[in-house]
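So this block is entry.txt, compact mmCIF, C-alpha atoms:
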# COMPACT_ATOMS: atom_id res chain seq x y z
CA ILE A 1 -37.40 3.57 -10.79
CA GLY A 2 -37.07 6.31 -13.37
CA ARG A 3 -34.57 9.15 -13.25
CA GLY A 4 -33.12 9.59 -9.79
CA MET A 5 -30.70 7.97 -7.40
CA VAL A 6 -29.65 4.49 -6.31
CA ALA A 7 -28.59 4.41 -2.66
CA PHE A 8 -26.66 1.42 -1.26
CA VAL A 9 -26.92 1.43 2.52
CA CYS A 10 -24.97 -0.44 5.20
CA PHE A 11 -25.25 0.00 8.97
CA LEU A 12 -22.15 -0.47 11.12
CA ASP A 13 -22.27 -1.48 14.78
CA MET A 14 -22.46 2.10 16.03
CA ALA A 15 -25.65 2.77 14.04
CA SER A 16 -28.78 4.04 15.78
CA GLU A 17 -32.04 5.82 15.01
CA GLU A 18 -30.02 9.04 15.03
CA THR A 19 -27.95 7.58 12.18
CA VAL A 20 -31.16 6.90 10.27
CA ARG A 21 -32.30 10.49 10.82
CA LYS A 22 -29.01 12.00 9.62
CA LEU A 23 -28.78 9.67 6.65
CA THR A 24 -32.32 10.53 5.57
CA LYS A 25 -31.50 14.23 5.76
CA HIS A 26 -28.36 13.80 3.67
CA LEU A 27 -29.94 11.54 1.06
CA THR A 28 -32.84 13.89 0.43
CA ASN A 29 -30.96 17.22 0.75
CA VAL A 30 -27.44 16.86 -0.58
CA ARG A 31 -26.94 18.19 -4.10
CA LEU A 32 -25.77 15.03 -5.83
CA SER A 33 -28.03 15.13 -8.89
CA GLU A 34 -27.79 17.21 -12.02
CA ASN A 35 -30.80 18.99 -13.45
CA ASP A 36 -31.44 19.65 -17.15
CA ALA A 37 -29.57 22.97 -16.89
CA GLY A 38 -26.47 21.15 -15.57
CA ARG A 39 -26.80 22.50 -12.01
CA ARG A 40 -26.30 20.28 -8.97
CA VAL A 41 -29.54 19.83 -7.07
CA SER A 42 -30.91 17.37 -4.56
CA VAL A 43 -32.80 14.33 -5.77
CA CYS A 44 -35.94 15.90 -4.27
CA ASP A 45 -35.35 19.19 -6.14
CA LEU A 46 -35.20 17.05 -9.27
CA GLN A 47 -38.49 15.32 -8.32
CA GLY A 48 -36.39 12.22 -8.90
CA ASP A 49 -36.98 8.66 -7.74
CA ILE A 50 -34.88 6.88 -5.12
CA LEU A 51 -34.00 3.19 -5.07
CA ILE A 52 -32.65 2.04 -1.71
CA ILE A 53 -30.65 -1.20 -1.65
CA PRO A 54 -29.46 -2.94 1.52
CA GLN A 55 -25.76 -3.61 1.02
CA ALA A 56 -24.01 -5.13 4.02
CA SER A 57 -20.92 -5.83 1.89
CA LEU A 58 -20.09 -2.09 2.03
CA GLY A 59 -19.12 -2.54 5.68
CA GLY A 60 -16.32 -4.95 4.82
CA ARG A 61 -12.66 -4.25 5.48
CA LEU A 62 -9.94 -5.88 3.48
CA ARG A 63 -7.82 -8.42 5.39
CA GLY A 64 -5.37 -10.35 3.24
CA LYS A 65 -7.34 -11.64 0.27
CA SER A 66 -10.76 -11.51 1.95
CA MET A 67 -13.25 -8.95 3.12
CA GLN A 68 -14.21 -9.20 6.79
CA TYR A 69 -17.43 -7.85 8.21
CA HIS A 70 -16.76 -7.49 11.94
CA MET A 71 -17.85 -3.84 11.96
CA ASN A 72 -21.36 -4.51 10.64
CA VAL A 73 -24.37 -4.27 12.90
CA ASP A 74 -26.04 -7.59 13.74
CA LYS A 75 -28.71 -8.69 11.30
CA VAL A 76 -31.73 -8.19 13.55
CA LEU A 77 -30.85 -4.58 14.33
CA GLY A 78 -29.66 -4.06 10.75
CA LYS A 79 -33.04 -5.12 9.39
CA ALA A 80 -34.89 -2.86 11.84
CA LEU A 81 -32.69 0.13 10.99
CA TYR A 82 -33.05 -0.55 7.28
CA GLN A 83 -36.83 -0.62 7.51
CA LYS A 84 -36.87 2.57 9.57
CA PHE A 85 -34.60 4.19 7.02
CA CYS A 86 -36.84 3.24 4.09
CA GLN A 87 -39.89 4.59 5.90
CA SER A 88 -38.05 7.72 6.93
CA VAL A 89 -36.95 8.47 3.35
CA ARG A 90 -40.48 7.82 2.06
CA THR A 91 -41.91 10.29 4.58
CA ALA A 92 -39.28 12.94 3.84
CA VAL A 93 -39.72 12.63 0.07
CA GLU A 94 -43.51 12.72 0.19
CA GLU A 95 -43.39 16.12 1.88
CA VAL A 96 -41.44 17.84 -0.86
CA SER A 97 -41.37 15.79 -4.06
CA SER A 98 -43.50 13.69 -6.38
CA GLY A 99 -40.63 11.18 -6.74
CA ASN A 100 -41.10 7.51 -5.93
CA VAL A 101 -39.13 5.65 -3.27
CA LYS A 102 -38.52 1.94 -3.86
CA CYS A 103 -36.69 -0.37 -1.48
CA GLY A 104 -34.93 -3.70 -1.80
CA VAL A 105 -35.48 -6.54 0.66
CA TYR A 106 -33.01 -6.75 3.56
CA GLY A 107 -30.96 -9.94 3.52
CA ALA A 108 -32.10 -11.09 0.07
CA ARG A 109 -30.06 -11.37 -3.08
CA GLN A 110 -31.39 -8.96 -5.65
CA ILE A 111 -31.18 -8.51 -9.39
CA LEU A 112 -30.27 -4.92 -10.24
CA SER A 113 -30.18 -3.23 -13.63
CA THR A 114 -28.95 0.34 -13.89
CA ASP A 115 -28.42 2.81 -16.72
CA THR A 116 -26.50 5.92 -15.81
CA ASN A 117 -25.30 8.95 -17.67
CA GLY A 118 -22.27 10.04 -15.72
CA PRO A 119 -21.95 7.98 -13.59
CA PHE A 120 -21.51 9.88 -10.32
CA THR A 121 -20.80 7.70 -7.30
CA HIS A 122 -20.51 9.24 -3.85
CA ILE A 123 -19.64 7.89 -0.42
CA ILE A 124 -21.39 9.40 2.60
CA ASP A 125 -20.34 8.27 6.08
CA VAL A 126 -22.65 9.19 8.96
CA ILE B 1 -17.89 -6.67 -20.49
CA GLY B 2 -19.41 -10.02 -19.66
CA ARG B 3 -19.46 -11.59 -16.22
CA GLY B 4 -16.98 -9.97 -13.90
CA MET B 5 -16.41 -6.82 -11.93
CA VAL B 6 -16.96 -3.09 -12.31
CA ALA B 7 -14.29 -1.05 -10.49
CA PHE B 8 -14.79 2.65 -9.82
CA VAL B 9 -11.44 4.25 -9.09
CA CYS B 10 -10.51 7.61 -7.57
CA PHE B 11 -7.02 8.84 -6.65
CA LEU B 12 -6.59 11.15 -3.66
CA ASP B 13 -3.72 13.59 -3.28
CA MET B 14 -1.47 11.08 -1.53
CA ALA B 15 -1.67 8.65 -4.47
CA SER B 16 1.50 7.40 -6.15
CA GLU B 17 2.73 4.56 -8.33
CA GLU B 18 2.90 2.48 -5.17
CA THR B 19 -0.84 3.08 -4.76
CA VAL B 20 -1.36 1.81 -8.31
CA ARG B 21 0.68 -1.31 -7.55
CA LYS B 22 -1.26 -2.10 -4.36
CA LEU B 23 -4.61 -1.39 -5.95
CA THR B 24 -3.82 -3.68 -8.88
CA LYS B 25 -2.86 -6.46 -6.48
CA HIS B 26 -6.09 -6.06 -4.50
CA LEU B 27 -8.37 -5.81 -7.53
CA THR B 28 -7.01 -8.95 -9.12
CA ASN B 29 -6.49 -11.04 -5.95
CA VAL B 30 -9.18 -10.26 -3.43
CA ARG B 31 -12.00 -12.80 -3.31
CA LEU B 32 -14.94 -10.54 -4.15
CA SER B 33 -16.60 -12.70 -6.83
CA GLU B 34 -18.77 -15.75 -6.49
CA ASN B 35 -18.20 -18.81 -8.64
CA ASP B 36 -20.91 -21.21 -9.82
CA ALA B 37 -20.47 -23.30 -6.68
CA GLY B 38 -21.13 -20.24 -4.49
CA ARG B 39 -17.54 -19.91 -3.27
CA ARG B 40 -15.82 -16.53 -3.05
CA VAL B 41 -12.98 -16.30 -5.56
CA SER B 42 -11.00 -13.52 -7.21
CA VAL B 43 -12.20 -12.08 -10.49
CA CYS B 44 -9.13 -13.70 -12.10
CA ASP B 45 -9.98 -17.12 -10.60
CA LEU B 46 -13.38 -16.67 -12.22
CA GLN B 47 -11.74 -15.79 -15.56
CA GLY B 48 -14.04 -12.78 -15.29
CA ASP B 49 -13.89 -9.47 -17.10
CA ILE B 50 -13.05 -6.16 -15.43
CA LEU B 51 -14.50 -2.77 -16.31
CA ILE B 52 -12.52 0.12 -14.80
CA ILE B 53 -14.28 3.47 -14.52
CA PRO B 54 -12.59 6.72 -13.46
CA GLN B 55 -14.74 8.19 -10.72
CA ALA B 56 -13.36 11.33 -9.14
CA SER B 57 -16.66 11.93 -7.34
CA LEU B 58 -15.76 9.10 -4.92
CA GLY B 59 -13.14 11.40 -3.36
CA GLY B 60 -15.77 13.89 -2.25
CA ARG B 61 -16.50 14.72 1.38
CA LEU B 62 -19.86 16.03 2.47
CA ARG B 63 -19.87 19.67 3.64
CA GLY B 64 -23.30 21.09 4.33
CA LYS B 65 -25.42 20.24 1.31
CA SER B 66 -22.54 19.85 -1.13
CA MET B 67 -19.73 17.44 -1.82
CA GLN B 68 -16.26 18.99 -1.84
CA TYR B 69 -13.28 17.51 -3.64
CA HIS B 70 -10.26 19.07 -1.97
CA MET B 71 -8.69 15.67 -1.26
CA ASN B 72 -8.57 14.58 -4.89
CA VAL B 73 -5.32 14.45 -6.81
CA ASP B 74 -4.93 17.12 -9.50
CA LYS B 75 -6.26 16.13 -12.90
CA VAL B 76 -2.92 15.80 -14.71
CA LEU B 77 -1.50 13.37 -12.15
CA GLY B 78 -4.91 11.72 -11.81
CA LYS B 79 -5.01 10.97 -15.52
CA ALA B 80 -1.46 9.60 -15.48
CA LEU B 81 -2.18 7.35 -12.47
CA TYR B 82 -5.43 6.18 -14.02
CA GLN B 83 -3.69 5.19 -17.25
CA LYS B 84 -0.93 3.41 -15.32
CA PHE B 85 -3.56 1.59 -13.29
CA CYS B 86 -5.45 0.41 -16.39
CA GLN B 87 -2.21 -0.85 -17.96
CA SER B 88 -1.15 -2.47 -14.70
CA VAL B 89 -4.44 -4.35 -14.35
CA ARG B 90 -4.29 -5.47 -18.00
CA THR B 91 -0.78 -6.85 -17.48
CA ALA B 92 -1.71 -8.59 -14.22
CA VAL B 93 -4.85 -10.16 -15.69
CA GLU B 94 -3.16 -11.34 -18.88
CA GLU B 95 -0.72 -13.40 -16.82
CA VAL B 96 -3.35 -15.49 -15.09
CA SER B 97 -6.74 -15.18 -16.76
CA SER B 98 -8.49 -15.08 -20.11
CA GLY B 99 -10.75 -12.25 -18.85
CA ASN B 100 -10.99 -8.95 -20.69
CA VAL B 101 -10.09 -5.60 -19.15
CA LYS B 102 -11.98 -2.55 -20.44
CA CYS B 103 -11.39 1.00 -19.29
CA GLY B 104 -13.39 4.21 -19.34
CA VAL B 105 -11.93 7.53 -20.46
CA TYR B 106 -10.53 9.75 -17.71
CA GLY B 107 -12.39 13.05 -17.37
CA ALA B 108 -15.22 12.12 -19.73
CA ARG B 109 -18.86 11.58 -18.89
CA GLN B 110 -19.78 8.00 -19.62
CA ILE B 111 -22.93 6.02 -20.20
CA LEU B 112 -22.95 2.90 -18.04
CA SER B 113 -25.38 0.00 -18.07
CA THR B 114 -25.02 -2.76 -15.49
CA ASP B 115 -26.91 -5.93 -14.64
CA THR B 116 -25.98 -7.56 -11.37
CA ASN B 117 -27.14 -10.58 -9.48
CA GLY B 118 -26.38 -9.68 -5.92
CA PRO B 119 -25.33 -6.92 -5.97
CA PHE B 120 -22.12 -6.92 -3.95
CA THR B 121 -20.48 -3.52 -3.53
CA HIS B 122 -17.18 -3.18 -1.72
CA ILE B 123 -14.99 -0.27 -0.70
CA ILE B 124 -11.22 -0.73 -0.78
CA ASP B 125 -9.00 2.09 0.51
CA VAL B 126 -5.31 1.92 -0.34

Re-express the file's structure as structure tokens.
Amino acid sequence: IGRGMVAFVCFLDMASEETVRKLTKHLTNVRLSENDAGRRVSVCDLQGDILIIPQASLGGRLRGKSMQYHMNVDKVLGKALYQKFCQSVRTAVEEVSSGNVKCGVYGARQILSTDTNGPFTHIIDV
Amino acid sequence: IGRGMVAFVCFLDMASEETVRKLTKHLTNVRLSENDAGRRVSVCDLQGDILIIPQASLGGRLRGKSMQYHMNVDKVLGKALYQKFCQSVRTAVEEVSSGNVKCGVYGARQILSTDTNGPFTHIIDV
């Protein structure tokens, strides 16, 4: 993608389609980006791109020297929610912005290169 | 840095030198990295490098369409804790690993380029 946002997403075992709806609203509306004038705007206001990356490791909790993933949703539901989320973000962005939405493949290892000026990293729990 | 770990760090208003001590222990000991055989090992086991980046935006909480930062430590204490943390990680790594530790500048905007094969992103609360 070009200028925009990278979103790492993980669904925990309470996740539902309502989670997908809320998360889509937050991702496209929250003022996390900076425009050329230095004001905080949403990624859609910026006409920015969005790269969505499935990231089950975010659901880990530290136990001793290891991360444990008991809170994560099972993989079948996780994949379904991830695909719904990608489609939901695409639909929401298309309505208001010329930005592109690109999505990683659920369950696959992925090569990621990023260049950021900031960087700003935010955590949003839904 | 070369192969290793990028750590974004944010201190909330309960943070203390004890937080720095615990965080150093976790960062250098928890098995978050993958060795060539595919086993999870610590970044020190890997003799990997560590890049530490101050990232106050992680302490934000979503309120409406904006992130608010009321939980973050004040900047003077934040800078002191950040510098202690960088020194603490350097000392801990030097004892057990040939890896390099590099640190960003507290309070400054920074250009970051990363290339990851994974990626694995983890959240550790102390």

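Across B:Leu112, B:Val126, B:Val43, B:Leu58, the tightest approach to Val20 of chain B is made by B:Val126 when counting only C-alpha atoms.
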
Requested in this report: Report as a PyMOL selection string the set of chain B residues whose atoms approach chain A to within 10 Å, with distances computed over all atoms listed in the file.
Outcome: chain B and resi 8+25-32+40-42+53-67+108-126

**Report entry** Pick from A:Cys103, A:Asp36, A:Gly78, A:Ala92 nearest to Ala7 of chain A, counting all atoms listed in the file
**Finding:** A:Cys103

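Here atom CA of Asp45 of chain B is placed at a distance of 18.5 Å from atom CA of Lys22 of chain B.
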
**Report entry** Atom-to-atom span, atom CA of Phe11 of chain B and atom CA of Arg3 of chain A, Å
**Finding:** 28.3 Å

Could you name the residues that touch Arg90 of chain A at 10 Å or less, counting only C-alpha atoms, but leaving out those on the same chain fewer than 2 positions away, as a tab-separated table (two decimals) with C-alpha atoms, in the coordinates of the input?
chain	number	residue	atom	x	y	z
A	24	THR	CA	-32.32	10.53	5.57
A	28	THR	CA	-32.84	13.89	0.43
A	50	ILE	CA	-34.88	6.88	-5.12
A	84	LYS	CA	-36.87	2.57	9.57
A	85	PHE	CA	-34.60	4.19	7.02
A	86	CYS	CA	-36.84	3.24	4.09
A	87	GLN	CA	-39.89	4.59	5.90
A	88	SER	CA	-38.05	7.72	6.93
A	92	ALA	CA	-39.28	12.94	3.84
A	93	VAL	CA	-39.72	12.63	0.07
A	94	GLU	CA	-43.51	12.72	0.19
A	95	GLU	CA	-43.39	16.12	1.88
A	99	GLY	CA	-40.63	11.18	-6.74
A	100	ASN	CA	-41.10	7.51	-5.93
A	101	VAL	CA	-39.13	5.65	-3.27
A	102	LYS	CA	-38.52	1.94	-3.86
A	103	CYS	CA	-36.69	-0.37	-1.48

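Counting only C-alpha atoms, the residue from A:Met14, A:Val9, A:Leu46, A:Ser97 that sits nearest to Lys79 of chain A is A:Val9.
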
Query raised in the report: Pick from B:Val89, B:Gln68, B:Asp74, B:Leu81: nearest to Thr19 of chain B, with only C-alpha atoms counted?
Result: B:Leu81

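Computed from the coordinates, the atom CA of Gly107 of chain B to atom CA of Leu23 of chain B distance equals 20.0 Å.
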
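Nearest residue to Tyr106 of chain A among A:Glu17, A:Asn35, A:Leu51, A:Val76 is A:Val76, counting only C-alpha atoms.
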
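Closest approach to Ile1 of chain B among B:Arg21, B:Leu77, B:Gln83, B:Gly104: B:Gly104, based on all atoms listed in the file.
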